[in-house]
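*Asks:* Attaching a single structure in structure tokens format; questions to follow.
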Amino acid sequence: MTDKSNDTPDAEGSAQAGQAASSAGRPVTSPYDSPTTQMRKPDVHKDLPHTDEDLDLDPGEDVPTAGAGQPGGEAGDYGYASIPPATAASAGAVRLQRRNREPRRGTLDLGLFVLRLVVGYTFIYHGLQKLTGWFHGPGLDGTKQMMEGGGWDYPSLSTALVIAGELGGGILLVIGLATPLAAGAVLATILNAWMWKQGMVPGFQYNAGTPTGVELDSILAGSALAIILTGPGRWSLDRTRGWATRPAYGSGVVVLLAVAAAILTFWFLHGGNPLQGIGPFDSKG
């Protein structure tokens with residue numbers, strides 16, 4: 001009982017001494033020194049600064065704005081607001097950029113154009129001979145008789161196919177329209193003519209001086225094949241197509257279809273083996 005009564009006056013005396021030290025201006029202890037001491041809550045109702053003016057950061061009238069000093073600029077205008085929007089590139093500029101990225105072709109397109117003209121006009125010439133009789137040709141009736149005498153089973157159908165292949169394919173080749181199909185049509189037509197002449201007489205009939213010579217037919221077939229594999233070039237109506245300047249695997253498909261069509265047509269309408277009797281060192285023809 002005596003010790004407890006002695007402790008109470010000492011605690012009260014320490015608190016009074018701390019208050020006296022604080023009022024005398026001496027430093028006091030931090031609130032963290034006493035876990036039981038609570039920190040003062042902030043006044044949430046006090047207005048906080050939100051703008052440059054509240055923070056006393058307004059540059060004033062002496063500082064020029066970004067738009068000041070520019071033609072037509074007004075105070076408060078920003079520089080980026082006076083920049084005009086970028087104009088869209090014209091179609092000519094886009095084509096020029098695309099061509100600049102492509103490799104230089106030189107005279108390639110001119111050469112392909114000349115090749116198409118020569119091959120196309122040759123087929124047009126022979127097609128008009130068979131259809132109209134122009135250029136000392138046999139005409140439609142004479143062509144039917146020629147096909148019938150040559151061993152074709154259906155002379156009317158054979159005549160229609162050969163005229164369509166030569167005349168239609170030749171016209172499309174000259175103007176460069178649907179060029180892969182046009183070149184495939186003339187290739188199938190000339191391969192039929194090649195097999196027809198070659199099958200008349202045993203041996204390799206390449207000499208152009210004989211009625212069964214296949215020299216001209218071989219040149220025309222090779223030219224049509226080259227057009228399929230290289231494309232018609234930019235001097236054609238197909239110039240915007242991919243196959244005009246960059247033919248790919250589709251060209252191989254057209255070649256296979258043309259060869260298959262020629263073989264099936266010859267087998268169905270004529271028959272026989274045109275390669276019979278041909279040797280690698282045959283001196284005939």
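Going by the structure tokens order, chains are called A, B, ..., each with residues numbered from 1, while ligands are numbered from 1 in the order shown.
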Please return, as an MDAnalysis selection string, all residues of stretch 127-180 of chain A that DSSP assigns to alpha helix (DSSP H) on the basis of the backbone.
*Replies:* chainID A and resid 127:132 139:149 155:163 169:175 179:180
*Asks:* Excluding same-chain residues fewer than 4 positions from stretch 176-192 of chain A, what lies within 6 Å of it counting only C-alpha atoms, as a list in words?
*Replies:* Gly165, Glu166, Gly169, Leu172, Ala221, Ala224, Ile228, Ser236, Leu237, Asp238, Ala258 and Ala262 of chain A
*Asks:* Which is closest to A:Leu157 among A:Leu140, A:Val253, A:Val201, A:Val114, if we use only C-alpha atoms?
*Replies:*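 Counting only C-alpha atoms, the residue closest to A:Leu157 is A:Leu140.
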*Asks:* Could you work out how far atom CA of A:Thr143 lies from atom CA of A:Ala160, giving the answer in Å with one decimal?
*Replies:*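 These two atoms are separated by 9.7 Å.
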*Asks:* Between A:Val119, A:Ala260, A:Leu229, A:Ala91, which one has atoms that come closest to A:Ala248, using only C-alpha atoms?
*Replies:*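 Once distances to A:Ala248 are computed over only C-alpha atoms, the minimum belongs to A:Leu229.
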*Asks:* What separation in Å, quoted to one decimal, exists between atom CA of A:Gly111 and atom CA of A:Ile219?
*Replies:*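 According to the coordinates, atom CA of A:Gly111 and atom CA of A:Ile219 are separated by 16.6 Å.
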*Asks:* Could you tell me how far atom CA of A:Val214 lies from atom CA of A:Gly252, in Å and to one decimal?
*Replies:*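 About the pair atom CA of A:Val214 and atom CA of A:Gly252: they are 24.1 Å apart.
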*Asks:* List as number ranges by chain the protein and nucleic acid residues near A:Asp141, meaning an atom at most 12 Å away when only C-alpha atoms are counted, but skip any in the same chain fewer than 6 places from it.
*Replies:* A: 129-133, 147-148, 155-156, 159-160
*Asks:* For the selection just defined, write its residues with all heavy atoms to a file, as a PDB file, in the first residue's frame.
*Replies:*
```
ATOM      1  N   GLN A 129      -7.472 -17.428-142.526  1.00  0.00           N
ATOM      2  CA  GLN A 129      -7.415 -18.292-143.706  1.00  0.00           C
ATOM      3  C   GLN A 129      -8.464 -19.400-143.625  1.00  0.00           C
ATOM      4  O   GLN A 129      -9.144 -19.696-144.614  1.00  0.00           O
ATOM      5  CB  GLN A 129      -6.021 -18.912-143.834  1.00  0.00           C
ATOM      6  CG  GLN A 129      -4.979 -18.002-144.448  1.00  0.00           C
ATOM      7  CD  GLN A 129      -3.672 -18.743-144.662  1.00  0.00           C
ATOM      8  OE1 GLN A 129      -3.216 -19.501-143.791  1.00  0.00           O
ATOM      9  NE2 GLN A 129      -3.068 -18.538-145.819  1.00  0.00           N
ATOM     10  N   LYS A 130      -8.581 -20.004-142.461  1.00  0.00           N
ATOM     11  CA  LYS A 130      -9.515 -21.120-142.298  1.00  0.00           C
ATOM     12  C   LYS A 130     -10.966 -20.654-142.177  1.00  0.00           C
ATOM     13  O   LYS A 130     -11.881 -21.366-142.595  1.00  0.00           O
ATOM     14  CB  LYS A 130      -9.130 -21.936-141.057  1.00  0.00           C
ATOM     15  CG  LYS A 130      -7.765 -22.612-141.147  1.00  0.00           C
ATOM     16  CD  LYS A 130      -7.451 -23.360-139.877  1.00  0.00           C
ATOM     17  CE  LYS A 130      -6.127 -24.105-139.981  1.00  0.00           C
ATOM     18  NZ  LYS A 130      -4.962 -23.197-140.170  1.00  0.00           N
ATOM     19  N   LEU A 131     -11.197 -19.483-141.620  1.00  0.00           N
ATOM     20  CA  LEU A 131     -12.555 -19.025-141.392  1.00  0.00           C
ATOM     21  C   LEU A 131     -13.141 -18.303-142.603  1.00  0.00           C
ATOM     22  O   LEU A 131     -14.298 -18.556-142.998  1.00  0.00           O
ATOM     23  CB  LEU A 131     -12.599 -18.099-140.174  1.00  0.00           C
ATOM     24  CG  LEU A 131     -13.964 -17.510-139.811  1.00  0.00           C
ATOM     25  CD1 LEU A 131     -14.956 -18.625-139.445  1.00  0.00           C
ATOM     26  CD2 LEU A 131     -13.841 -16.498-138.683  1.00  0.00           C
ATOM     27  N   THR A 132     -12.390 -17.411-143.206  1.00  0.00           N
ATOM     28  CA  THR A 132     -12.920 -16.544-144.271  1.00  0.00           C
ATOM     29  C   THR A 132     -12.336 -16.839-145.641  1.00  0.00           C
ATOM     30  O   THR A 132     -12.872 -16.367-146.650  1.00  0.00           O
ATOM     31  CB  THR A 132     -12.638 -15.078-143.922  1.00  0.00           C
ATOM     32  OG1 THR A 132     -11.213 -14.863-143.872  1.00  0.00           O
ATOM     33  CG2 THR A 132     -13.231 -14.720-142.563  1.00  0.00           C
ATOM     34  N   GLY A 133     -11.248 -17.587-145.696  1.00  0.00           N
ATOM     35  CA  GLY A 133     -10.604 -17.825-146.985  1.00  0.00           C
ATOM     36  C   GLY A 133      -9.672 -16.696-147.410  1.00  0.00           C
ATOM     37  O   GLY A 133      -9.167 -16.724-148.540  1.00  0.00           O
ATOM     38  N   MET A 147      -9.688 -31.317-142.763  1.00  0.00           N
ATOM     39  CA  MET A 147      -9.684 -32.063-141.513  1.00  0.00           C
ATOM     40  C   MET A 147     -10.218 -33.474-141.712  1.00  0.00           C
ATOM     41  O   MET A 147      -9.689 -34.442-141.145  1.00  0.00           O
ATOM     42  CB  MET A 147     -10.536 -31.331-140.472  1.00  0.00           C
ATOM     43  CG  MET A 147     -10.076 -29.912-140.159  1.00  0.00           C
ATOM     44  SD  MET A 147      -8.422 -29.819-139.443  1.00  0.00           S
ATOM     45  CE  MET A 147      -8.735 -30.402-137.790  1.00  0.00           C
ATOM     46  N   GLU A 148     -11.246 -33.609-142.560  1.00  0.00           N
ATOM     47  CA  GLU A 148     -11.796 -34.934-142.827  1.00  0.00           C
ATOM     48  C   GLU A 148     -10.807 -35.803-143.577  1.00  0.00           C
ATOM     49  O   GLU A 148     -10.649 -36.994-143.278  1.00  0.00           O
ATOM     50  CB  GLU A 148     -13.089 -34.803-143.616  1.00  0.00           C
ATOM     51  CG  GLU A 148     -13.826 -36.123-143.831  1.00  0.00           C
ATOM     52  CD  GLU A 148     -15.139 -35.930-144.554  1.00  0.00           C
ATOM     53  OE1 GLU A 148     -15.445 -34.775-144.955  1.00  0.00           O
ATOM     54  OE2 GLU A 148     -15.880 -36.927-144.721  1.00  0.00           O
ATOM     55  N   PRO A 155     -14.981 -33.692-138.276  1.00  0.00           N
ATOM     56  CA  PRO A 155     -14.360 -32.547-138.954  1.00  0.00           C
ATOM     57  C   PRO A 155     -14.981 -31.202-138.581  1.00  0.00           C
ATOM     58  O   PRO A 155     -14.267 -30.202-138.490  1.00  0.00           O
ATOM     59  CB  PRO A 155     -14.560 -32.866-140.440  1.00  0.00           C
ATOM     60  CG  PRO A 155     -15.676 -33.854-140.491  1.00  0.00           C
ATOM     61  CD  PRO A 155     -15.593 -34.629-139.228  1.00  0.00           C
ATOM     62  N   SER A 156     -16.292 -31.155-138.364  1.00  0.00           N
ATOM     63  CA  SER A 156     -16.915 -29.879-137.989  1.00  0.00           C
ATOM     64  C   SER A 156     -16.445 -29.410-136.622  1.00  0.00           C
ATOM     65  O   SER A 156     -16.094 -28.225-136.428  1.00  0.00           O
ATOM     66  CB  SER A 156     -18.445 -30.016-138.004  1.00  0.00           C
ATOM     67  OG  SER A 156     -18.918 -30.351-139.295  1.00  0.00           O
ATOM     68  N   THR A 159     -12.773 -28.426-136.857  1.00  0.00           N
ATOM     69  CA  THR A 159     -12.606 -27.125-137.502  1.00  0.00           C
ATOM     70  C   THR A 159     -12.939 -25.983-136.541  1.00  0.00           C
ATOM     71  O   THR A 159     -12.231 -24.971-136.485  1.00  0.00           O
ATOM     72  CB  THR A 159     -13.500 -27.048-138.749  1.00  0.00           C
ATOM     73  OG1 THR A 159     -13.134 -28.090-139.661  1.00  0.00           O
ATOM     74  CG2 THR A 159     -13.368 -25.700-139.428  1.00  0.00           C
ATOM     75  N   ALA A 160     -14.017 -26.132-135.791  1.00  0.00           N
ATOM     76  CA  ALA A 160     -14.402 -25.089-134.826  1.00  0.00           C
ATOM     77  C   ALA A 160     -13.338 -24.897-133.758  1.00  0.00           C
ATOM     78  O   ALA A 160     -13.008 -23.761-133.375  1.00  0.00           O
ATOM     79  CB  ALA A 160     -15.744 -25.454-134.198  1.00  0.00           C
TER      80      ALA A 160
END
```
*Asks:* Just the residues within 10 Å of A:Pro211, please, counting only C-alpha atoms, with nothing from its chain fewer than 5 positions along; format it as a list in words.
*Replies:*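 After dropping sequence-adjacent residues, the list is Lys197, Met200 and Gln205 of chain A.
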*Asks:* Take the residues that were just selected and, keeping N, CA and C atoms, output them as a compact mmCIF listing (two decimals), in the first residue's frame.
*Replies:*
```txt
# COMPACT_ATOMS: atom_id res chain seq x y z
N LYS A 197 0.90 -33.49 -138.09
CA LYS A 197 1.91 -33.58 -139.14
C LYS A 197 2.94 -34.66 -138.84
N MET A 200 1.91 -38.27 -139.74
CA MET A 200 1.61 -38.67 -141.11
C MET A 200 2.66 -39.60 -141.69
N GLN A 205 9.84 -35.40 -138.36
CA GLN A 205 9.53 -34.50 -139.48
C GLN A 205 9.77 -33.04 -139.06
```
*Asks:* Considering only C-alpha atoms, state which residue in the set A:Tyr125, A:Trp196, A:Phe113, A:Trp152 is at the smallest distance from A:Phe268.
*Replies:*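 Of the candidates, the smallest distance to A:Phe268 is held by A:Trp152.
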